[in-house]
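my_file_24.cif (mmCIF, N, CA and C atoms and all ligand atoms)
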```cif
data_data
loop_
_atom_site.label_atom_id
_atom_site.label_comp_id
_atom_site.auth_asym_id
_atom_site.auth_seq_id
_atom_site.Cartn_x
_atom_site.Cartn_y
_atom_site.Cartn_z
N MET A 1 0.84 -1.20 0.00
CA MET A 1 0.00 0.00 0.00
C MET A 1 0.88 1.25 0.00
N ALA A 2 0.66 2.11 -0.96
CA ALA A 2 1.48 3.32 -1.05
C ALA A 2 1.13 4.31 0.05
N TRP A 3 2.07 5.19 0.32
CA TRP A 3 1.78 6.22 1.33
C TRP A 3 2.19 7.57 0.78
N ASN A 4 1.48 8.61 1.23
CA ASN A 4 1.76 9.97 0.76
C ASN A 4 2.57 10.72 1.80
N CYS A 5 3.62 11.38 1.32
CA CYS A 5 4.46 12.18 2.21
C CYS A 5 3.65 13.35 2.79
N ILE A 6 3.78 13.57 4.10
CA ILE A 6 3.03 14.69 4.69
C ILE A 6 3.74 16.02 4.44
N ASN A 7 4.98 15.94 3.95
CA ASN A 7 5.73 17.17 3.67
C ASN A 7 5.47 17.65 2.24
N CYS A 8 5.71 16.74 1.25
CA CYS A 8 5.57 17.16 -0.15
C CYS A 8 4.43 16.48 -0.87
N GLU A 9 3.73 15.61 -0.18
CA GLU A 9 2.56 14.90 -0.71
C GLU A 9 2.88 13.97 -1.88
N SER A 10 4.16 13.58 -2.02
CA SER A 10 4.52 12.61 -3.06
C SER A 10 4.05 11.22 -2.64
N ALA A 11 3.67 10.42 -3.64
CA ALA A 11 3.30 9.04 -3.36
C ALA A 11 4.57 8.20 -3.26
N ASN A 12 4.68 7.42 -2.21
CA ASN A 12 5.87 6.59 -2.01
C ASN A 12 5.49 5.12 -1.89
N ASP A 13 6.43 4.24 -2.26
CA ASP A 13 6.23 2.81 -2.11
C ASP A 13 6.12 2.48 -0.63
N TYR A 14 5.30 1.45 -0.30
CA TYR A 14 5.05 1.15 1.12
C TYR A 14 6.30 0.67 1.84
N GLN A 15 7.31 0.14 1.08
CA GLN A 15 8.52 -0.36 1.71
C GLN A 15 9.46 0.77 2.15
N ASN A 16 9.31 1.95 1.53
CA ASN A 16 10.19 3.07 1.88
C ASN A 16 9.84 3.65 3.25
N VAL A 17 10.90 3.93 4.00
CA VAL A 17 10.70 4.54 5.32
C VAL A 17 10.78 6.06 5.20
N HIS A 18 11.52 6.50 4.16
CA HIS A 18 11.64 7.95 3.92
C HIS A 18 11.08 8.31 2.55
N CYS A 19 10.62 9.55 2.41
CA CYS A 19 10.06 10.03 1.15
C CYS A 19 11.14 10.01 0.05
N GLU A 20 10.78 9.47 -1.13
CA GLU A 20 11.74 9.38 -2.23
C GLU A 20 12.12 10.77 -2.75
N VAL A 21 11.19 11.71 -2.59
CA VAL A 21 11.42 13.05 -3.15
C VAL A 21 12.14 13.96 -2.16
N CYS A 22 11.58 14.11 -0.95
CA CYS A 22 12.16 15.07 -0.02
C CYS A 22 12.91 14.43 1.15
N GLY A 23 12.84 13.13 1.25
CA GLY A 23 13.58 12.45 2.32
C GLY A 23 12.92 12.56 3.67
N TYR A 24 11.72 13.07 3.72
CA TYR A 24 11.00 13.22 4.98
C TYR A 24 10.61 11.84 5.52
N GLU A 25 10.66 11.68 6.82
CA GLU A 25 10.36 10.38 7.42
C GLU A 25 8.89 10.04 7.25
N ARG A 26 8.62 8.77 7.00
CA ARG A 26 7.23 8.35 6.81
C ARG A 26 6.43 8.57 8.08
N TYR A 27 5.23 9.05 7.89
CA TYR A 27 4.31 9.27 9.00
C TYR A 27 3.29 8.14 9.02
N PHE A 28 3.20 7.47 10.14
CA PHE A 28 2.19 6.40 10.29
C PHE A 28 1.00 6.96 11.04
N SER A 29 -0.16 6.74 10.49
CA SER A 29 -1.38 7.16 11.19
C SER A 29 -1.64 6.20 12.35
N ILE A 30 -2.42 6.64 13.32
CA ILE A 30 -2.72 5.81 14.48
C ILE A 30 -3.42 4.52 14.03
N ARG A 31 -4.20 4.61 12.97
CA ARG A 31 -4.90 3.43 12.44
C ARG A 31 -3.88 2.40 11.94
N GLU A 32 -2.84 2.89 11.23
CA GLU A 32 -1.81 1.99 10.71
C GLU A 32 -1.00 1.36 11.86
N VAL A 33 -0.70 2.17 12.84
CA VAL A 33 0.05 1.65 13.99
C VAL A 33 -0.75 0.55 14.68
N ASN A 34 -2.04 0.83 14.88
CA ASN A 34 -2.90 -0.18 15.51
C ASN A 34 -2.98 -1.45 14.68
N ALA A 35 -3.04 -1.29 13.35
CA ALA A 35 -3.12 -2.45 12.46
C ALA A 35 -1.85 -3.29 12.58
N LEU A 36 -0.68 -2.61 12.63
CA LEU A 36 0.59 -3.33 12.78
C LEU A 36 0.67 -4.06 14.12
N LEU A 37 0.21 -3.36 15.19
CA LEU A 37 0.23 -3.99 16.52
C LEU A 37 -0.68 -5.21 16.56
N ALA A 38 -1.87 -5.08 15.92
CA ALA A 38 -2.81 -6.20 15.88
C ALA A 38 -2.19 -7.37 15.12
N GLU A 39 -1.45 -7.05 14.04
CA GLU A 39 -0.79 -8.08 13.24
C GLU A 39 0.23 -8.84 14.09
N GLN A 40 0.97 -8.09 14.90
CA GLN A 40 1.99 -8.71 15.75
C GLN A 40 1.35 -9.56 16.86
N ALA A 41 0.17 -9.10 17.33
CA ALA A 41 -0.49 -9.82 18.41
C ALA A 41 -1.00 -11.18 17.95
N GLU A 42 -1.31 -11.26 16.61
CA GLU A 42 -1.77 -12.55 16.09
C GLU A 42 -0.57 -13.46 15.90
N GLU A 43 -0.37 -14.35 16.88
CA GLU A 43 0.79 -15.24 16.80
C GLU A 43 0.44 -16.47 15.99
N PRO A 44 1.43 -17.02 15.33
CA PRO A 44 1.18 -18.28 14.61
C PRO A 44 0.73 -19.38 15.59
N SER A 45 -0.07 -20.30 15.08
CA SER A 45 -0.63 -21.33 15.97
C SER A 45 0.46 -22.20 16.59
N ASP A 46 1.59 -22.38 15.89
CA ASP A 46 2.69 -23.18 16.43
C ASP A 46 3.18 -22.58 17.75
N VAL A 47 3.33 -21.26 17.75
CA VAL A 47 3.82 -20.59 18.95
C VAL A 47 2.82 -20.79 20.09
N LYS A 48 1.52 -20.69 19.75
CA LYS A 48 0.50 -20.89 20.79
C LYS A 48 0.54 -22.31 21.34
N LYS A 49 0.73 -23.27 20.42
CA LYS A 49 0.83 -24.68 20.85
C LYS A 49 2.01 -24.86 21.79
N VAL A 50 3.14 -24.29 21.39
CA VAL A 50 4.35 -24.41 22.22
C VAL A 50 4.11 -23.77 23.58
N GLN A 51 3.46 -22.59 23.56
CA GLN A 51 3.19 -21.91 24.83
C GLN A 51 2.27 -22.74 25.71
N ALA A 52 1.24 -23.37 25.07
CA ALA A 52 0.29 -24.18 25.84
C ALA A 52 1.00 -25.38 26.46
N SER A 53 1.84 -26.06 25.65
CA SER A 53 2.52 -27.24 26.20
C SER A 53 3.55 -26.82 27.24
N TYR A 54 4.14 -25.64 27.05
CA TYR A 54 5.09 -25.15 28.06
C TYR A 54 4.37 -24.93 29.39
N LYS A 55 3.18 -24.30 29.30
CA LYS A 55 2.40 -24.08 30.52
C LYS A 55 2.05 -25.39 31.20
N ARG A 56 1.63 -26.37 30.35
CA ARG A 56 1.24 -27.67 30.90
C ARG A 56 2.43 -28.33 31.59
N VAL A 57 3.57 -28.35 30.88
CA VAL A 57 4.78 -28.97 31.45
C VAL A 57 5.19 -28.24 32.72
N ASN A 58 5.06 -26.94 32.70
CA ASN A 58 5.41 -26.14 33.87
C ASN A 58 4.54 -26.49 35.07
N THR A 59 3.23 -26.70 34.80
CA THR A 59 2.31 -27.09 35.86
C THR A 59 2.67 -28.46 36.42
N VAL A 60 2.94 -29.40 35.49
CA VAL A 60 3.34 -30.75 35.92
C VAL A 60 4.61 -30.68 36.75
N ASN A 61 5.54 -29.86 36.29
CA ASN A 61 6.81 -29.70 37.01
C ASN A 61 6.59 -29.17 38.43
N LYS A 62 5.69 -28.18 38.53
CA LYS A 62 5.38 -27.63 39.86
C LYS A 62 4.79 -28.70 40.76
N LYS A 63 3.85 -29.50 40.16
CA LYS A 63 3.18 -30.56 40.92
C LYS A 63 4.21 -31.58 41.40
N LEU A 64 5.11 -31.97 40.48
CA LEU A 64 6.13 -32.96 40.84
C LEU A 64 7.05 -32.42 41.93
N ARG A 65 7.38 -31.14 41.82
CA ARG A 65 8.24 -30.55 42.84
C ARG A 65 7.55 -30.56 44.20
N GLN A 66 6.23 -30.29 44.16
CA GLN A 66 5.45 -30.30 45.40
C GLN A 66 5.44 -31.71 46.00
N ASP A 67 5.16 -32.72 45.12
CA ASP A 67 5.15 -34.12 45.58
C ASP A 67 6.51 -34.50 46.14
N ASN A 68 7.53 -34.10 45.43
CA ASN A 68 8.90 -34.40 45.85
C ASN A 68 9.18 -33.82 47.23
N LYS A 69 8.72 -32.58 47.43
CA LYS A 69 8.93 -31.92 48.71
C LYS A 69 8.20 -32.69 49.83
N GLU A 70 6.94 -33.12 49.54
CA GLU A 70 6.18 -33.86 50.55
C GLU A 70 6.86 -35.18 50.90
N LEU A 71 7.36 -35.87 49.85
CA LEU A 71 8.05 -37.14 50.09
C LEU A 71 9.32 -36.92 50.90
N GLN A 72 10.03 -35.84 50.56
CA GLN A 72 11.26 -35.54 51.28
C GLN A 72 10.95 -35.26 52.75
N ASP A 73 9.85 -34.55 53.00
CA ASP A 73 9.44 -34.27 54.39
C ASP A 73 9.16 -35.57 55.13
N LYS A 74 8.44 -36.50 54.44
CA LYS A 74 8.13 -37.79 55.07
C LYS A 74 9.41 -38.56 55.37
N ILE A 75 10.34 -38.54 54.40
CA ILE A 75 11.62 -39.24 54.60
C ILE A 75 12.34 -38.64 55.81
N ASN A 76 12.33 -37.31 55.90
CA ASN A 76 12.99 -36.65 57.03
C ASN A 76 12.33 -37.03 58.35
N ASP A 77 10.98 -37.09 58.35
CA ASP A 77 10.26 -37.51 59.55
C ASP A 77 10.67 -38.91 59.97
N LEU A 78 10.67 -39.82 58.96
CA LEU A 78 11.04 -41.21 59.24
C LEU A 78 12.47 -41.31 59.75
N GLN A 79 13.35 -40.50 59.15
CA GLN A 79 14.75 -40.52 59.56
C GLN A 79 14.86 -40.06 61.01
N ARG A 80 14.12 -38.99 61.36
CA ARG A 80 14.15 -38.49 62.73
C ARG A 80 13.62 -39.55 63.70
N PHE A 81 12.50 -40.20 63.27
CA PHE A 81 11.90 -41.25 64.09
C PHE A 81 12.91 -42.38 64.31
N TYR A 82 13.55 -42.78 63.19
CA TYR A 82 14.53 -43.86 63.27
C TYR A 82 15.69 -43.48 64.18
N ASP A 83 16.19 -42.26 64.01
CA ASP A 83 17.32 -41.81 64.83
C ASP A 83 16.95 -41.84 66.31
N ARG A 84 15.70 -41.49 66.61
CA ARG A 84 15.27 -41.42 68.00
C ARG A 84 15.13 -42.82 68.62
N TYR A 85 14.63 -43.78 67.81
CA TYR A 85 14.30 -45.09 68.38
C TYR A 85 15.23 -46.22 67.98
N ALA A 86 16.20 -45.95 67.11
CA ALA A 86 17.10 -47.01 66.64
C ALA A 86 17.81 -47.68 67.82
N HIS A 87 18.28 -46.87 68.74
CA HIS A 87 19.00 -47.39 69.89
C HIS A 87 18.09 -48.30 70.73
N GLU A 88 16.85 -47.82 70.95
CA GLU A 88 15.88 -48.58 71.74
C GLU A 88 15.56 -49.92 71.06
N VAL A 89 15.36 -49.87 69.73
CA VAL A 89 15.05 -51.10 68.98
C VAL A 89 16.22 -52.07 69.10
N GLU A 90 17.43 -51.56 68.97
CA GLU A 90 18.63 -52.40 69.06
C GLU A 90 18.69 -53.05 70.45
N ARG A 91 18.39 -52.27 71.48
CA ARG A 91 18.45 -52.76 72.85
C ARG A 91 17.43 -53.89 73.07
N ARG A 92 16.22 -53.70 72.52
CA ARG A 92 15.18 -54.73 72.67
C ARG A 92 15.51 -55.99 71.90
N GLU A 93 16.11 -55.81 70.70
CA GLU A 93 16.51 -57.00 69.93
C GLU A 93 17.57 -57.77 70.68
N GLN A 94 18.47 -57.06 71.33
CA GLN A 94 19.52 -57.68 72.15
C GLN A 94 18.87 -58.50 73.27
N GLY A 95 17.88 -57.90 73.94
CA GLY A 95 17.15 -58.58 75.02
C GLY A 95 16.45 -59.82 74.51
N LEU A 96 15.88 -59.68 73.30
CA LEU A 96 15.15 -60.81 72.71
C LEU A 96 16.11 -61.97 72.42
N ARG A 97 17.29 -61.64 71.91
CA ARG A 97 18.29 -62.68 71.63
C ARG A 97 18.70 -63.39 72.92
N GLN A 98 18.86 -62.62 73.98
CA GLN A 98 19.25 -63.22 75.27
C GLN A 98 18.14 -64.14 75.77
N LEU A 99 16.88 -63.68 75.64
CA LEU A 99 15.74 -64.52 76.08
C LEU A 99 15.68 -65.82 75.30
N ARG A 100 15.93 -65.73 73.97
CA ARG A 100 15.89 -66.94 73.14
C ARG A 100 16.97 -67.93 73.58
N ALA A 101 18.17 -67.41 73.83
CA ALA A 101 19.27 -68.28 74.27
C ALA A 101 18.93 -68.92 75.60
N GLN A 102 18.38 -68.13 76.50
CA GLN A 102 17.98 -68.63 77.83
C GLN A 102 16.91 -69.71 77.68
N ASN A 103 15.98 -69.45 76.78
CA ASN A 103 14.88 -70.40 76.52
C ASN A 103 15.43 -71.74 76.04
N ARG A 104 16.42 -71.65 75.14
CA ARG A 104 17.02 -72.88 74.60
C ARG A 104 17.71 -73.66 75.72
N ARG A 105 18.42 -72.93 76.55
CA ARG A 105 19.11 -73.60 77.68
C ARG A 105 18.09 -74.26 78.61
N LEU A 106 16.99 -73.54 78.89
CA LEU A 106 15.93 -74.11 79.74
C LEU A 106 15.35 -75.38 79.12
N GLY A 107 15.14 -75.33 77.80
CA GLY A 107 14.59 -76.50 77.09
C GLY A 107 15.50 -77.70 77.25
N ILE A 108 16.79 -77.50 77.03
CA ILE A 108 17.77 -78.58 77.15
C ILE A 108 17.79 -79.11 78.59
N GLY A 109 17.75 -78.16 79.54
CA GLY A 109 17.75 -78.54 80.96
C GLY A 109 16.53 -79.40 81.30
N MET A 110 15.36 -79.00 80.74
CA MET A 110 14.14 -79.78 81.04
C MET A 110 14.21 -81.18 80.46
N VAL A 111 14.79 -81.32 79.27
CA VAL A 111 14.92 -82.64 78.65
C VAL A 111 15.84 -83.52 79.50
N ILE A 112 16.97 -82.94 79.89
CA ILE A 112 17.93 -83.70 80.72
C ILE A 112 17.29 -84.09 82.05
N GLY A 113 16.59 -83.10 82.66
CA GLY A 113 15.90 -83.37 83.94
C GLY A 113 14.87 -84.48 83.79
N GLY A 114 14.10 -84.42 82.70
CA GLY A 114 13.08 -85.45 82.44
C GLY A 114 13.70 -86.83 82.31
N LEU A 115 14.83 -86.90 81.59
CA LEU A 115 15.52 -88.17 81.41
C LEU A 115 16.03 -88.72 82.74
N LEU A 116 16.56 -87.78 83.58
CA LEU A 116 17.06 -88.19 84.89
C LEU A 116 15.92 -88.76 85.75
N VAL A 117 14.75 -88.06 85.73
CA VAL A 117 13.59 -88.54 86.50
C VAL A 117 13.18 -89.93 86.01
N LEU A 118 13.17 -90.09 84.68
CA LEU A 118 12.79 -91.38 84.09
C LEU A 118 13.75 -92.48 84.55
N LEU A 119 15.07 -92.20 84.46
CA LEU A 119 16.09 -93.16 84.88
C LEU A 119 15.92 -93.51 86.35
N PHE A 120 15.68 -92.46 87.17
CA PHE A 120 15.53 -92.65 88.61
C PHE A 120 14.33 -93.57 88.91
N MET A 121 13.21 -93.31 88.19
CA MET A 121 12.01 -94.13 88.40
C MET A 121 12.26 -95.57 87.99
N LEU A 122 12.93 -95.74 86.85
CA LEU A 122 13.24 -97.11 86.38
C LEU A 122 14.13 -97.81 87.41
N ALA A 123 15.07 -97.07 87.93
CA ALA A 123 15.98 -97.64 88.92
C ALA A 123 15.20 -98.07 90.15
N ARG A 124 14.27 -97.25 90.61
CA ARG A 124 13.48 -97.59 91.79
C ARG A 124 12.61 -98.82 91.55
N VAL A 125 12.02 -98.84 90.31
CA VAL A 125 11.20 -100.01 89.97
C VAL A 125 12.04 -101.27 90.08
N LYS A 126 13.26 -101.22 89.53
CA LYS A 126 14.18 -102.36 89.59
C LYS A 126 14.49 -102.71 91.05
N VAL A 127 14.76 -101.62 91.80
CA VAL A 127 15.12 -101.85 93.21
C VAL A 127 13.96 -102.54 93.93
N GLU A 128 12.74 -102.10 93.71
CA GLU A 128 11.57 -102.71 94.34
C GLU A 128 11.39 -104.16 93.93
N PHE A 129 11.70 -104.43 92.62
CA PHE A 129 11.60 -105.82 92.17
C PHE A 129 12.58 -106.71 92.92
N ILE A 130 13.77 -106.17 93.13
CA ILE A 130 14.83 -106.95 93.76
C ILE A 130 14.44 -107.29 95.20
N PHE A 131 13.92 -106.25 95.92
CA PHE A 131 13.60 -106.53 97.33
C PHE A 131 12.26 -107.22 97.50
ZN ZN B 201 8.23 14.11 0.52
#
```

Could I get this structure in the form of C-alpha cells?
Ligand SMILES: [Zn+2]
Amino acid sequence: MAWNCINCESANDYQNVHCEVCGYERYFSIREVNALLAEQAEEPSDVKKVQASYKRVNTVNKKLRQDNKELQDKINDLQRFYDRYAHEVERREQGLRQLRAQNRRLGIGMVIGGLLVLLFMLARVKVEFIF
C-alpha cells in the first residue's frame, strides 16, 4: 500500500521509510500503527501450541516438585523417628536374643531333667523288684 508524504505529498512505495522526493520520514497514522500492533499480536498457531505445552509442562513440574517436597518431608520424619528409636530397637533386639538363648538352655535342661527322672524311676522299679 502506497503512502503519501506529509511534507511534499509525493506518493511513495510502502517499503520506503523515507520520502523518495524530499527524504522526509514516513508518518504512520494511528490506524496503521494499531493495524501493525494487531498483526503482531496474532501469533502463529505453532507458537500458541508451544506456549500451551510449556504451561502444561510447567504445571506438571510444579506438581512434581510439590510431591517431591512432601516425600522428602516424610523421609525426614522417618529418619528423625529412626534416629530417636534405633537405639531402643537395638536394645530390645539384644534382650530378645538373650531370652531366646535362655529359653534354649531351659529346654535342654528340662529334657535332661526329664531323662534323669525317668532313669531314677526305672531304677526304683528295679530296686523294688529286687527286694
Ligand atoms: Zn516528501

Can you work out the spacing between atom ZN of ligand ZN 201 (chain B) and atom CA of A:Glu25 in Å, to one decimal?
->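 Computing it gives 8.1 Å between the two atoms.
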
All alpha helix (DSSP H) residues (DSSP, backbone) inside chain A, as a PyMOL selection string | chain A and resi 30-41+45-130

Which of chain A counts as strand (DSSP E) under DSSP, as a PyMOL selection string please?
-> chain A and resi 3-4+11-12

With all atoms listed in the file counted, collect every polymer residue having an atom within 8 Å of ligand ZN 201 (chain B); state the result as a PyMOL selection string.
-> chain A and resi 4-11+18-25

Restricted to N, CA and C atoms, what would the selected residues look like written as a CSV table (one decimal), keeping the file's coordinate frame?
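Heads up, here's the output in selection-v8.csv:
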```
chain,number,residue,atom,x,y,z
A,4,ASN,N,1.5,8.6,1.2
A,4,ASN,CA,1.8,10.0,0.8
A,4,ASN,C,2.6,10.7,1.8
A,5,CYS,N,3.6,11.4,1.3
A,5,CYS,CA,4.5,12.2,2.2
A,5,CYS,C,3.6,13.4,2.8
A,6,ILE,N,3.8,13.6,4.1
A,6,ILE,CA,3.0,14.7,4.7
A,6,ILE,C,3.7,16.0,4.4
A,7,ASN,N,5.0,15.9,4.0
A,7,ASN,CA,5.7,17.2,3.7
A,7,ASN,C,5.5,17.6,2.2
A,8,CYS,N,5.7,16.7,1.2
A,8,CYS,CA,5.6,17.2,-0.2
A,8,CYS,C,4.4,16.5,-0.9
A,9,GLU,N,3.7,15.6,-0.2
A,9,GLU,CA,2.6,14.9,-0.7
A,9,GLU,C,2.9,14.0,-1.9
A,10,SER,N,4.2,13.6,-2.0
A,10,SER,CA,4.5,12.6,-3.1
A,10,SER,C,4.0,11.2,-2.6
A,11,ALA,N,3.7,10.4,-3.6
A,11,ALA,CA,3.3,9.0,-3.4
A,11,ALA,C,4.6,8.2,-3.3
A,18,HIS,N,11.5,6.5,4.2
A,18,HIS,CA,11.6,8.0,3.9
A,18,HIS,C,11.1,8.3,2.6
A,19,CYS,N,10.6,9.6,2.4
A,19,CYS,CA,10.1,10.0,1.2
A,19,CYS,C,11.1,10.0,0.0
A,20,GLU,N,10.8,9.5,-1.1
A,20,GLU,CA,11.7,9.4,-2.2
A,20,GLU,C,12.1,10.8,-2.8
A,21,VAL,N,11.2,11.7,-2.6
A,21,VAL,CA,11.4,13.0,-3.2
A,21,VAL,C,12.1,14.0,-2.2
A,22,CYS,N,11.6,14.1,-1.0
A,22,CYS,CA,12.2,15.1,0.0
A,22,CYS,C,12.9,14.4,1.2
A,23,GLY,N,12.8,13.1,1.2
A,23,GLY,CA,13.6,12.4,2.3
A,23,GLY,C,12.9,12.6,3.7
A,24,TYR,N,11.7,13.1,3.7
A,24,TYR,CA,11.0,13.2,5.0
A,24,TYR,C,10.6,11.8,5.5
A,25,GLU,N,10.7,11.7,6.8
A,25,GLU,CA,10.4,10.4,7.4
A,25,GLU,C,8.9,10.0,7.2
```

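Residues surrounding A:Ser29 within 12 Å are Trp3, Asn4, Cys5, Ile6, Arg26, Glu32, Val33, Asn34, Ala35 and Leu36 of chain A [only C-alpha atoms; sequence separation below 3 positions excluded].
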
A:Met1 environment, 7 Å, all atoms listed in the file, sequence neighbours closer than 4 positions dropped, as a VMD selection string | chain A and resid 12 to 15

Interatomic distance, atom CA of A:Ala52 to atom CA of A:Leu71 (Å, one decimal) | 28.6 Å
